[in-house]
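K.L.:
Contents of coords.cif (mmCIF, C-alpha atoms and all ligand atoms) are given next:
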data_work
#
loop_
_atom_site.group_PDB
_atom_site.id
_atom_site.type_symbol
_atom_site.label_atom_id
_atom_site.label_comp_id
_atom_site.auth_asym_id
_atom_site.auth_seq_id
_atom_site.Cartn_x
_atom_site.Cartn_y
_atom_site.Cartn_z
ATOM 1 C CA MET F 1 31.436 110.805 -85.277
ATOM 2 C CA GLN F 2 27.840 110.409 -84.087
ATOM 3 C CA VAL F 3 26.930 112.563 -81.111
ATOM 4 C CA ILE F 4 23.639 111.584 -79.477
ATOM 5 C CA VAL F 5 22.297 113.817 -76.718
ATOM 6 C CA ALA F 6 19.534 112.401 -74.505
ATOM 7 C CA PRO F 7 17.299 114.200 -72.017
ATOM 8 C CA SER F 8 18.503 112.139 -69.040
ATOM 9 C CA PRO F 9 21.378 109.873 -68.008
ATOM 10 C CA GLU F 10 18.997 106.895 -68.172
ATOM 11 C CA ALA F 11 17.945 107.695 -71.744
ATOM 12 C CA SER F 12 21.598 108.199 -72.669
ATOM 13 C CA ALA F 13 22.459 104.760 -71.251
ATOM 14 C CA ALA F 14 19.754 103.262 -73.486
ATOM 15 C CA ASP F 15 21.273 105.015 -76.554
ATOM 16 C CA ALA F 16 24.694 103.670 -75.608
ATOM 17 C CA ALA F 17 23.335 100.132 -75.171
ATOM 18 C CA ASP F 18 21.838 100.289 -78.672
ATOM 19 C CA ALA F 19 25.194 101.464 -80.087
ATOM 20 C CA VAL F 20 27.056 98.668 -78.286
ATOM 21 C CA LEU F 21 24.656 95.923 -79.395
ATOM 22 C CA ALA F 22 24.672 97.142 -83.006
ATOM 23 C CA GLY F 23 28.483 97.140 -83.011
ATOM 24 C CA LEU F 24 28.697 93.648 -81.516
ATOM 25 C CA ALA F 25 26.142 92.321 -83.999
ATOM 26 C CA ARG F 26 28.697 92.915 -86.760
ATOM 27 C CA ALA F 27 30.833 90.135 -85.259
ATOM 28 C CA ALA F 28 28.389 87.551 -86.639
ATOM 29 C CA GLY F 29 29.954 84.098 -86.906
ATOM 30 C CA ARG F 30 32.602 84.541 -84.208
ATOM 31 C CA ASP F 31 32.755 85.333 -80.496
ATOM 32 C CA PRO F 32 32.452 89.113 -80.094
ATOM 33 C CA VAL F 33 34.976 91.113 -78.090
ATOM 34 C CA LEU F 34 33.695 93.925 -75.873
ATOM 35 C CA GLY F 35 36.104 96.490 -74.429
ATOM 36 C CA LEU F 36 35.121 97.493 -70.904
ATOM 37 C CA ALA F 37 35.634 100.729 -69.013
ATOM 38 C CA THR F 38 35.386 101.186 -65.260
ATOM 39 C CA GLY F 39 34.219 104.317 -63.441
ATOM 40 C CA SER F 40 30.747 105.664 -62.747
ATOM 41 C CA SER F 41 29.922 106.697 -66.331
ATOM 42 C CA PRO F 42 29.210 103.276 -67.900
ATOM 43 C CA LEU F 43 27.244 101.837 -64.940
ATOM 44 C CA GLY F 44 23.874 102.812 -66.425
ATOM 45 C CA LEU F 45 24.950 101.297 -69.745
ATOM 46 C CA TYR F 46 25.893 97.994 -68.084
ATOM 47 C CA ARG F 47 22.532 97.909 -66.295
ATOM 48 C CA GLU F 48 20.816 98.595 -69.629
ATOM 49 C CA LEU F 49 22.736 95.719 -71.263
ATOM 50 C CA GLY F 50 21.675 93.520 -68.337
ATOM 51 C CA ARG F 51 18.050 94.442 -69.024
ATOM 52 C CA ALA F 52 18.538 93.561 -72.702
ATOM 53 C CA VAL F 53 19.779 90.113 -71.606
ATOM 54 C CA ASP F 54 16.771 89.651 -69.303
ATOM 55 C CA ALA F 55 14.460 90.630 -72.160
ATOM 56 C CA GLY F 56 16.138 88.113 -74.501
ATOM 57 C CA ARG F 57 17.481 90.875 -76.763
ATOM 58 C CA ALA F 58 21.152 90.192 -75.967
ATOM 59 C CA ASP F 59 23.365 87.307 -74.866
ATOM 60 C CA PHE F 60 26.937 87.780 -73.650
ATOM 61 C CA SER F 61 27.652 84.139 -72.847
ATOM 62 C CA ARG F 62 30.053 83.876 -75.816
ATOM 63 C CA THR F 63 31.433 87.426 -75.545
ATOM 64 C CA HIS F 64 34.987 88.137 -74.442
ATOM 65 C CA GLY F 65 35.515 91.165 -72.184
ATOM 66 C CA VAL F 66 38.702 93.201 -72.416
ATOM 67 C CA ALA F 67 39.482 95.816 -69.750
ATOM 68 C CA LEU F 68 40.897 99.191 -70.629
ATOM 69 C CA ASP F 69 43.223 99.478 -67.697
ATOM 70 C CA GLU F 70 44.276 98.277 -64.243
ATOM 71 C CA TYR F 71 46.019 99.782 -61.251
ATOM 72 C CA VAL F 72 49.566 98.767 -60.492
ATOM 73 C CA GLY F 73 50.461 97.361 -57.099
ATOM 74 C CA LEU F 74 47.070 96.607 -55.532
ATOM 75 C CA PRO F 75 47.036 93.249 -53.749
ATOM 76 C CA ALA F 76 45.289 90.451 -55.708
ATOM 77 C CA GLY F 77 41.567 90.485 -55.006
ATOM 78 C CA HIS F 78 41.523 94.129 -53.794
ATOM 79 C CA PRO F 79 37.888 95.252 -54.219
ATOM 80 C CA GLU F 80 38.927 98.375 -56.150
ATOM 81 C CA GLY F 81 41.273 96.511 -58.490
ATOM 82 C CA TYR F 82 39.624 96.708 -61.896
ATOM 83 C CA ARG F 83 39.365 92.935 -62.256
ATOM 84 C CA GLN F 84 37.163 92.821 -59.155
ATOM 85 C CA VAL F 85 35.254 95.944 -60.224
ATOM 86 C CA LEU F 86 34.480 94.462 -63.641
ATOM 87 C CA LEU F 87 33.479 91.097 -62.155
ATOM 88 C CA ARG F 88 30.964 92.936 -59.937
ATOM 89 C CA GLU F 89 29.760 95.654 -62.268
ATOM 90 C CA VAL F 90 29.814 93.854 -65.598
ATOM 91 C CA CYS F 91 30.160 90.044 -65.411
ATOM 92 C CA ASP F 92 27.489 89.692 -62.714
ATOM 93 C CA VAL F 93 25.187 92.169 -64.473
ATOM 94 C CA ILE F 94 25.352 91.051 -68.116
ATOM 95 C CA GLY F 95 26.303 87.402 -67.727
ATOM 96 C CA LEU F 96 29.831 87.631 -69.129
ATOM 97 C CA ALA F 97 31.843 84.576 -68.043
ATOM 98 C CA PRO F 98 34.657 85.501 -65.592
ATOM 99 C CA ASP F 99 37.077 83.268 -67.514
ATOM 100 C CA ARG F 100 36.368 85.376 -70.621
ATOM 101 C CA LEU F 101 37.424 88.601 -68.883
ATOM 102 C CA ALA F 102 40.917 89.850 -69.723
ATOM 103 C CA VAL F 103 42.479 92.526 -67.493
ATOM 104 C CA PRO F 104 46.080 93.765 -67.616
ATOM 105 C CA ASP F 105 48.160 92.169 -64.858
ATOM 106 C CA GLY F 106 49.251 95.047 -62.648
ATOM 107 C CA SER F 107 50.481 92.858 -59.796
ATOM 108 C CA ALA F 108 54.215 93.312 -60.479
ATOM 109 C CA THR F 109 56.035 96.324 -59.082
ATOM 110 C CA ASP F 110 59.200 96.354 -61.203
ATOM 111 C CA GLU F 111 59.311 98.034 -64.564
ATOM 112 C CA GLU F 112 60.537 95.051 -66.549
ATOM 113 C CA SER F 113 57.733 92.734 -65.382
ATOM 114 C CA LEU F 114 55.129 95.427 -65.984
ATOM 115 C CA GLU F 115 56.420 96.012 -69.493
ATOM 116 C CA ALA F 116 56.145 92.266 -70.078
ATOM 117 C CA ALA F 117 52.573 92.327 -68.717
ATOM 118 C CA ALA F 118 51.734 95.194 -71.087
ATOM 119 C CA ALA F 119 53.148 93.319 -74.083
ATOM 120 C CA ALA F 120 51.262 90.174 -73.025
ATOM 121 C CA TYR F 121 48.059 92.191 -72.889
ATOM 122 C CA GLU F 122 48.529 93.559 -76.393
ATOM 123 C CA ALA F 123 49.134 89.967 -77.570
ATOM 124 C CA ARG F 124 45.984 88.815 -75.763
ATOM 125 C CA ILE F 125 43.856 91.430 -77.542
ATOM 126 C CA ALA F 126 45.411 90.540 -80.899
ATOM 127 C CA GLY F 127 44.836 86.833 -80.161
ATOM 128 C CA LEU F 128 41.130 87.533 -79.657
ATOM 129 C CA GLY F 129 41.025 89.163 -83.090
ATOM 130 C CA GLY F 130 40.810 92.735 -81.766
ATOM 131 C CA VAL F 131 38.038 94.583 -79.977
ATOM 132 C CA ASP F 132 34.656 94.931 -81.697
ATOM 133 C CA VAL F 133 33.229 97.646 -79.466
ATOM 134 C CA GLN F 134 35.210 99.616 -76.906
ATOM 135 C CA ILE F 135 33.161 101.299 -74.173
ATOM 136 C CA LEU F 136 34.823 104.457 -72.891
ATOM 137 C CA GLY F 137 34.314 107.063 -70.197
ATOM 138 C CA ILE F 138 36.197 110.346 -70.115
ATOM 139 C CA GLY F 139 38.188 111.809 -67.254
ATOM 140 C CA ALA F 140 37.471 115.380 -66.173
ATOM 141 C CA ASN F 141 40.958 116.199 -67.515
ATOM 142 C CA GLY F 142 40.185 114.563 -70.862
ATOM 143 C CA HIS F 143 41.861 111.240 -70.136
ATOM 144 C CA LEU F 144 40.790 108.071 -71.898
ATOM 145 C CA GLY F 145 41.422 104.799 -70.077
ATOM 146 C CA PHE F 146 44.306 106.063 -67.967
ATOM 147 C CA ASN F 147 45.980 107.906 -70.835
ATOM 148 C CA GLU F 148 46.665 111.153 -69.066
ATOM 149 C CA PRO F 149 47.262 114.467 -70.871
ATOM 150 C CA GLY F 150 50.575 114.211 -72.699
ATOM 151 C CA SER F 151 49.982 110.592 -73.783
ATOM 152 C CA ALA F 152 51.223 109.778 -77.268
ATOM 153 C CA LEU F 153 48.336 109.525 -79.713
ATOM 154 C CA THR F 154 49.772 106.261 -81.084
ATOM 155 C CA SER F 155 50.655 104.745 -77.676
ATOM 156 C CA ARG F 156 50.205 101.053 -76.886
ATOM 157 C CA THR F 157 49.493 99.323 -73.551
ATOM 158 C CA ARG F 158 52.105 100.471 -71.039
ATOM 159 C CA VAL F 159 52.759 101.690 -67.512
ATOM 160 C CA LYS F 160 51.526 105.216 -66.840
ATOM 161 C CA ARG F 161 51.800 107.541 -63.892
ATOM 162 C CA LEU F 162 48.371 108.754 -62.734
ATOM 163 C CA SER F 163 47.943 112.506 -62.541
ATOM 164 C CA GLU F 164 47.189 113.958 -59.127
ATOM 165 C CA ARG F 165 43.822 115.125 -60.522
ATOM 166 C CA THR F 166 42.895 111.543 -61.438
ATOM 167 C CA ARG F 167 44.100 110.216 -58.097
ATOM 168 C CA ARG F 168 41.946 112.819 -56.332
ATOM 169 C CA ASP F 169 38.940 111.978 -58.542
ATOM 170 C CA ASN F 170 39.334 108.263 -57.787
ATOM 171 C CA ALA F 171 39.966 108.730 -54.045
ATOM 172 C CA ARG F 172 36.206 108.298 -53.524
ATOM 173 C CA PHE F 173 36.632 104.570 -54.121
ATOM 174 C CA PHE F 174 39.320 104.139 -51.447
ATOM 175 C CA THR F 175 39.250 104.490 -47.654
ATOM 176 C CA ASP F 176 42.224 106.845 -47.710
ATOM 177 C CA ALA F 177 43.265 109.126 -50.587
ATOM 178 C CA ASP F 178 46.855 107.960 -50.104
ATOM 179 C CA ASP F 179 45.743 104.404 -50.929
ATOM 180 C CA VAL F 180 45.049 105.352 -54.579
ATOM 181 C CA PRO F 181 47.869 103.784 -56.576
ATOM 182 C CA THR F 182 50.285 106.140 -58.326
ATOM 183 C CA HIS F 183 50.617 103.981 -61.465
ATOM 184 C CA CYS F 184 48.549 101.833 -63.779
ATOM 185 C CA LEU F 185 48.714 99.692 -66.884
ATOM 186 C CA THR F 186 46.480 101.127 -69.586
ATOM 187 C CA GLN F 187 45.666 100.334 -73.181
ATOM 188 C CA GLY F 188 47.319 103.067 -75.223
ATOM 189 C CA LEU F 189 45.458 105.540 -77.384
ATOM 190 C CA GLY F 190 46.735 103.652 -80.444
ATOM 191 C CA THR F 191 45.395 100.403 -78.953
ATOM 192 C CA ILE F 192 41.995 101.971 -78.296
ATOM 193 C CA LEU F 193 41.859 103.358 -81.837
ATOM 194 C CA GLN F 194 42.139 99.829 -83.231
ATOM 195 C CA ALA F 195 38.757 98.825 -81.793
ATOM 196 C CA ARG F 196 36.215 98.622 -84.607
ATOM 197 C CA ARG F 197 33.712 100.873 -82.848
ATOM 198 C CA LEU F 198 34.166 103.291 -79.922
ATOM 199 C CA VAL F 199 31.238 104.176 -77.666
ATOM 200 C CA LEU F 200 31.918 107.035 -75.258
ATOM 201 C CA VAL F 201 29.476 107.694 -72.435
ATOM 202 C CA ALA F 202 29.507 110.880 -70.365
ATOM 203 C CA THR F 203 26.906 112.437 -68.093
ATOM 204 C CA GLY F 204 26.774 115.400 -65.756
ATOM 205 C CA ASP F 205 28.114 118.935 -65.907
ATOM 206 C CA GLY F 206 31.473 117.884 -64.470
ATOM 207 C CA LYS F 207 32.263 116.354 -67.874
ATOM 208 C CA ALA F 208 30.990 119.207 -70.079
ATOM 209 C CA ASP F 209 34.366 120.946 -70.536
ATOM 210 C CA ALA F 210 36.237 117.706 -71.212
ATOM 211 C CA VAL F 211 33.587 116.572 -73.712
ATOM 212 C CA ALA F 212 33.653 119.896 -75.599
ATOM 213 C CA ALA F 213 37.458 119.900 -75.736
ATOM 214 C CA ALA F 214 37.569 116.271 -76.890
ATOM 215 C CA LEU F 215 34.914 116.539 -79.603
ATOM 216 C CA GLU F 216 35.396 120.082 -80.865
ATOM 217 C CA GLY F 217 38.890 121.140 -79.827
ATOM 218 C CA PRO F 218 42.094 120.361 -81.717
ATOM 219 C CA LEU F 219 43.395 116.785 -81.912
ATOM 220 C CA SER F 220 45.974 116.988 -79.177
ATOM 221 C CA ALA F 221 47.874 114.856 -76.680
ATOM 222 C CA SER F 222 46.843 117.494 -74.128
ATOM 223 C CA VAL F 223 43.288 116.189 -74.461
ATOM 224 C CA PRO F 224 43.758 112.438 -74.972
ATOM 225 C CA ALA F 225 40.045 111.868 -75.695
ATOM 226 C CA SER F 226 40.376 114.090 -78.769
ATOM 227 C CA VAL F 227 41.658 110.936 -80.544
ATOM 228 C CA LEU F 228 37.980 110.023 -80.877
ATOM 229 C CA GLN F 229 37.979 112.459 -83.808
ATOM 230 C CA TRP F 230 40.456 110.192 -85.573
ATOM 231 C CA HIS F 231 38.269 107.085 -85.459
ATOM 232 C CA ALA F 232 35.829 106.348 -88.299
ATOM 233 C CA ASP F 233 33.135 104.793 -86.070
ATOM 234 C CA THR F 234 32.786 106.735 -82.843
ATOM 235 C CA VAL F 235 29.418 107.041 -81.097
ATOM 236 C CA VAL F 236 29.244 109.588 -78.265
ATOM 237 C CA CYS F 237 26.268 109.275 -75.903
ATOM 238 C CA LEU F 238 25.667 112.265 -73.625
ATOM 239 C CA ASP F 239 23.009 113.682 -71.371
ATOM 240 C CA GLU F 240 22.091 117.365 -71.613
ATOM 241 C CA ALA F 241 24.475 118.382 -68.820
ATOM 242 C CA ALA F 242 27.529 116.735 -70.390
ATOM 243 C CA ALA F 243 26.615 118.251 -73.781
ATOM 244 C CA ALA F 244 26.299 121.793 -72.425
ATOM 245 C CA GLY F 245 29.645 123.012 -73.798
ATOM 246 C CA LEU F 246 29.149 121.825 -77.405
ATOM 247 C CA ARG F 247 28.991 124.547 -80.076
ATOM 248 C CA ASN F 248 27.806 122.250 -82.886
ATOM 249 C CA ARG F 249 24.845 120.887 -80.971
ATOM 250 C CA GLN F 250 22.168 121.692 -83.584
ATOM 251 C CA TYR F 251 24.082 119.800 -86.240
ATOM 252 C CA TYR F 252 24.406 116.709 -84.008
ATOM 253 C CA ASP F 253 20.670 116.728 -83.299
ATOM 254 C CA ASP F 254 19.839 117.186 -86.998
ATOM 255 C CA SER F 255 22.160 114.298 -87.902
ATOM 256 C CA ALA F 256 20.715 112.030 -85.192
ATOM 257 C CA ALA F 257 17.247 112.597 -86.683
ATOM 258 C CA GLY F 258 18.370 110.667 -89.797
ATOM 259 C CA LEU F 259 17.189 111.041 -93.387
ATOM 260 C CA PRO F 260 13.933 112.868 -94.052
ATOM 261 C CA ALA F 261 10.890 110.714 -94.712
ATOM 262 C CA PRO F 262 10.581 109.951 -98.467
HETATM 263 C C1 LIG B 301 38.772 106.316 -64.492
HETATM 264 C C2 LIG B 301 39.001 105.228 -65.566
HETATM 265 C C3 LIG B 301 38.502 105.679 -66.906
HETATM 266 C C4 LIG B 301 37.190 106.389 -66.689
HETATM 267 C C5 LIG B 301 37.437 107.720 -66.015
HETATM 268 C C6 LIG B 301 36.173 108.485 -65.663
HETATM 269 O O1 LIG B 301 39.841 106.605 -63.713
HETATM 270 N N1 LIG B 301 40.339 104.723 -65.689
HETATM 271 O O2 LIG B 301 38.365 104.564 -67.763
HETATM 272 O O3 LIG B 301 36.550 106.638 -67.912
HETATM 273 O O4 LIG B 301 38.326 107.580 -64.960
HETATM 274 O O5 LIG B 301 35.552 107.957 -64.525
HETATM 275 P P1 LIG B 301 34.082 108.277 -64.124
HETATM 276 O O6 LIG B 301 33.215 107.656 -65.150
HETATM 277 O O7 LIG B 301 33.893 107.649 -62.780
HETATM 278 O O8 LIG B 301 33.947 109.747 -64.080
#
Since I need it in another form, could you write the structure as structure tokens?
Ligand code: GLP
P.N.:
Amino acid sequence: MQVIVAPSPEASAADAADAVLAGLARAAGRDPVLGLATGSSPLGLYRELGRAVDAGRADFSRTHGVALDEYVGLPAGHPEGYRQVLLREVCDVIGLAPDRLAVPDGSATDEESLEAAAAAYEARIAGLGGVDVQILGIGANGHLGFNEPGSALTSRTRVKRLSERTRRDNARFFTDADDVPTHCLTQGLGTILQARRLVLVATGDGKADAVAAALEGPLSASVPASVLQWHADTVVCLDEAAAAGLRNRQYYDDSAAGLPAP
């Protein structure tokens, strides 16, 4: 696990962009697959990737985008549905083709159809050859994607109930708090772990406790993001505020400095 702490959210977004581009570069010879998170945390990263495109340092025209999750039961085209969010916040910003964006289909409302949509999504990811780099945020309660505390560490894409904490946190995107859906389809923790590289971005003191528990607490379903410890190529990009609860901070900084000059 690489933990990179930057002096500001903007500098952290630049670190994350470097980690994403380096991970995607390993897909040489085939179309790369980028896993996409919604929420406020990755917005700076997406802008940074957009700047890399403008500067000719990156090109996402052949990249496939794969969403982490989607709400269940929002009408098609709802502006807060994650397909629409990702079209606005990612496709428009980095030049990813809308027809290369895969999002779980949360339009059904019966369990059987949603289970079928979840299985279809797993098949879609497998058909693309798996995810090269998965961008992740972290919920204040330690959730990853929409894998709420209690999620099986080996879980696959499935229907999940949202916790009331998450619904409250996400109410800011809706006119009325009651409009926040109660359920979602989310990649499972086991699905996320199959991505070749994970890049977690977190900023602000509201994430400090969740980050400390995820990186330095026990591997536990109570803190779903603790599965990051299980992955062999995790890069965690933080600003100072989000890193405030870390006990091992000196070691992370020493490691980030690299080998001594010969
Ligand atoms: C959302 C998303 C997650 C995201 C998290 C944190 O509900 N499903 O993928 O990482 O909550 O959101 P934010 O970055 O806005 O704090």
K.L.:
Taking only C-alpha atoms and all ligand atoms into account, list the residues no farther than 9 Å from ligand LIG 301 (chain B), as a VMD selection string.
P.N.:
chain F and resid 36 to 43 68 to 71 82 135 to 140 142 to 147 162 166 to 167 169 to 170 184 186 200 to 203 206 to 207
K.L.:
Here's a test: counting only C-alpha atoms, identify every protein, DNA and RNA residue with an atom at most 9 Å from (42.3, 101.5, -77.3) in the file's coordinate frame, and state them as an mmCIF file with C-alpha atoms, keeping the file's coordinate frame.
P.N.:
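Result saved to result.cif:
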data_model
loop_
_atom_site.group_PDB
_atom_site.id
_atom_site.type_symbol
_atom_site.label_atom_id
_atom_site.label_comp_id
_atom_site.auth_asym_id
_atom_site.auth_seq_id
_atom_site.Cartn_x
_atom_site.Cartn_y
_atom_site.Cartn_z
ATOM 1 C CA GLY F 35 36.104 96.490 -74.429
ATOM 2 C CA LEU F 68 40.897 99.191 -70.629
ATOM 3 C CA VAL F 131 38.038 94.583 -79.977
ATOM 4 C CA GLN F 134 35.210 99.616 -76.906
ATOM 5 C CA LEU F 144 40.790 108.071 -71.898
ATOM 6 C CA GLY F 145 41.422 104.799 -70.077
ATOM 7 C CA SER F 155 50.655 104.745 -77.676
ATOM 8 C CA ARG F 156 50.205 101.053 -76.886
ATOM 9 C CA THR F 157 49.493 99.323 -73.551
ATOM 10 C CA THR F 186 46.480 101.127 -69.586
ATOM 11 C CA GLN F 187 45.666 100.334 -73.181
ATOM 12 C CA GLY F 188 47.319 103.067 -75.223
ATOM 13 C CA LEU F 189 45.458 105.540 -77.384
ATOM 14 C CA GLY F 190 46.735 103.652 -80.444
ATOM 15 C CA THR F 191 45.395 100.403 -78.953
ATOM 16 C CA ILE F 192 41.995 101.971 -78.296
ATOM 17 C CA LEU F 193 41.859 103.358 -81.837
ATOM 18 C CA GLN F 194 42.139 99.829 -83.231
ATOM 19 C CA ALA F 195 38.757 98.825 -81.793
ATOM 20 C CA LEU F 198 34.166 103.291 -79.922
#
K.L.:
When the PyMOL selection byres (((chain F and resi 204) around 12) and not hetatm) is applied to the file above, which residues end up in the set, as a PyMOL selection string?
P.N.:
chain F and resi 5-10+12+40-41+138+140+201-203+205-211+237-245
K.L.:
Hey, which of F:Leu45, F:Ala52, F:Val103, F:Leu21 ends up closest to Glu89 of chain F? Count only C-alpha atoms.
P.N.:
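The closest residue to Glu89 of chain F is F:Leu45.
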K.L.:
Expressed in Å to a single decimal, how great is the separation between atom CA of Ser163 of chain F and atom CA of Ala76 of chain F?
P.N.:
23.2 Å
K.L.:
Considering all atoms listed in the file, give me a table of residues in segment 46-102 of chain F that are at most 9 Å from segment 174-182 of chain F, with the closest atom pair and distance in Å for each, as a tab-separated table.
P.N.:
residue	atom	partner	partner_atom	distance
F:Tyr71	CA	F:Pro181	CA	6.4
F:Val72	CA	F:Pro181	CA	6.6
F:Gly73	CA	F:Pro181	CA	6.9
F:Leu74	CA	F:Pro181	CA	7.3
F:Glu80	CA	F:Phe174	CA	7.4
K.L.:
Those same residues, written as a CSV table (one decimal), in the coordinates of the input with C-alpha atoms?
P.N.:
chain,number,residue,atom,x,y,z
F,71,TYR,CA,46.0,99.8,-61.3
F,72,VAL,CA,49.6,98.8,-60.5
F,73,GLY,CA,50.5,97.4,-57.1
F,74,LEU,CA,47.1,96.6,-55.5
F,80,GLU,CA,38.9,98.4,-56.2
K.L.:
Give me, please, the distance in Å between atom CA of Lys160 of chain F and atom CA of Gly130 of chain F, quoted to one decimal.
P.N.:
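Calculated distance between atom CA of Lys160 of chain F and atom CA of Gly130 of chain F is 22.2 Å.
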K.L.:
For a test of reading the model, state the distance in Å between atom CA of Ala225 of chain F and atom CA of Ala17 of chain F, rounded to one decimal.
P.N.:
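The value is 20.4 Å.
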K.L.:
Check what the PyMOL selection byres (((chain F and resi 2) around 9) and not hetatm) selects in the file above and give those residues as an MDAnalysis selection string.
P.N.:
chainID F and resid 1 3:4 233:237 252 255:256
K.L.:
Could you tell me, as a ChimeraX atom specification, which residues have any atom at most 7 Å from (46.4, 110.2, -75.6), counting only C-alpha atoms?
P.N.:
/F:147-153,189,221,223-225,227
K.L.:
Can you tell me, as lines of an AutoDock Vina configuration file, the centre and edge lengths (Å, one decimal) of the axis-aligned box enclosing all of segment 165-173 of chain F's listed atoms after padding each side by 6 Å?
P.N.:
center_x = 40.2
center_y = 109.8
center_z = -57.5
size_x = 19.9
size_y = 22.6
size_z = 19.9
K.L.:
Where does the PyMOL selection byres (((chain F and resi 216) around 10) and not hetatm) land in this file, that is, which residues does it pick, as an mmCIF file with C-alpha atoms, keeping the file's coordinate frame?
P.N.:
data_model
loop_
_atom_site.group_PDB
_atom_site.id
_atom_site.type_symbol
_atom_site.label_atom_id
_atom_site.label_comp_id
_atom_site.auth_asym_id
_atom_site.auth_seq_id
_atom_site.Cartn_x
_atom_site.Cartn_y
_atom_site.Cartn_z
ATOM 1 C CA ALA F 210 36.237 117.706 -71.212
ATOM 2 C CA VAL F 211 33.587 116.572 -73.712
ATOM 3 C CA ALA F 212 33.653 119.896 -75.599
ATOM 4 C CA ALA F 213 37.458 119.900 -75.736
ATOM 5 C CA ALA F 214 37.569 116.271 -76.890
ATOM 6 C CA LEU F 215 34.914 116.539 -79.603
ATOM 7 C CA GLY F 217 38.890 121.140 -79.827
ATOM 8 C CA PRO F 218 42.094 120.361 -81.717
ATOM 9 C CA LEU F 219 43.395 116.785 -81.912
ATOM 10 C CA SER F 226 40.376 114.090 -78.769
ATOM 11 C CA GLN F 229 37.979 112.459 -83.808
ATOM 12 C CA GLY F 245 29.645 123.012 -73.798
ATOM 13 C CA LEU F 246 29.149 121.825 -77.405
ATOM 14 C CA ARG F 247 28.991 124.547 -80.076
ATOM 15 C CA ASN F 248 27.806 122.250 -82.886
#
K.L.:
Looking at F:Arg62, F:Arg249, F:Arg168, F:Arg196, which one is nearest to Gly95 of chain F, with distances taken over only C-alpha atoms?
P.N.:
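Closest to Gly95 of chain F, using only C-alpha atoms: F:Arg62.
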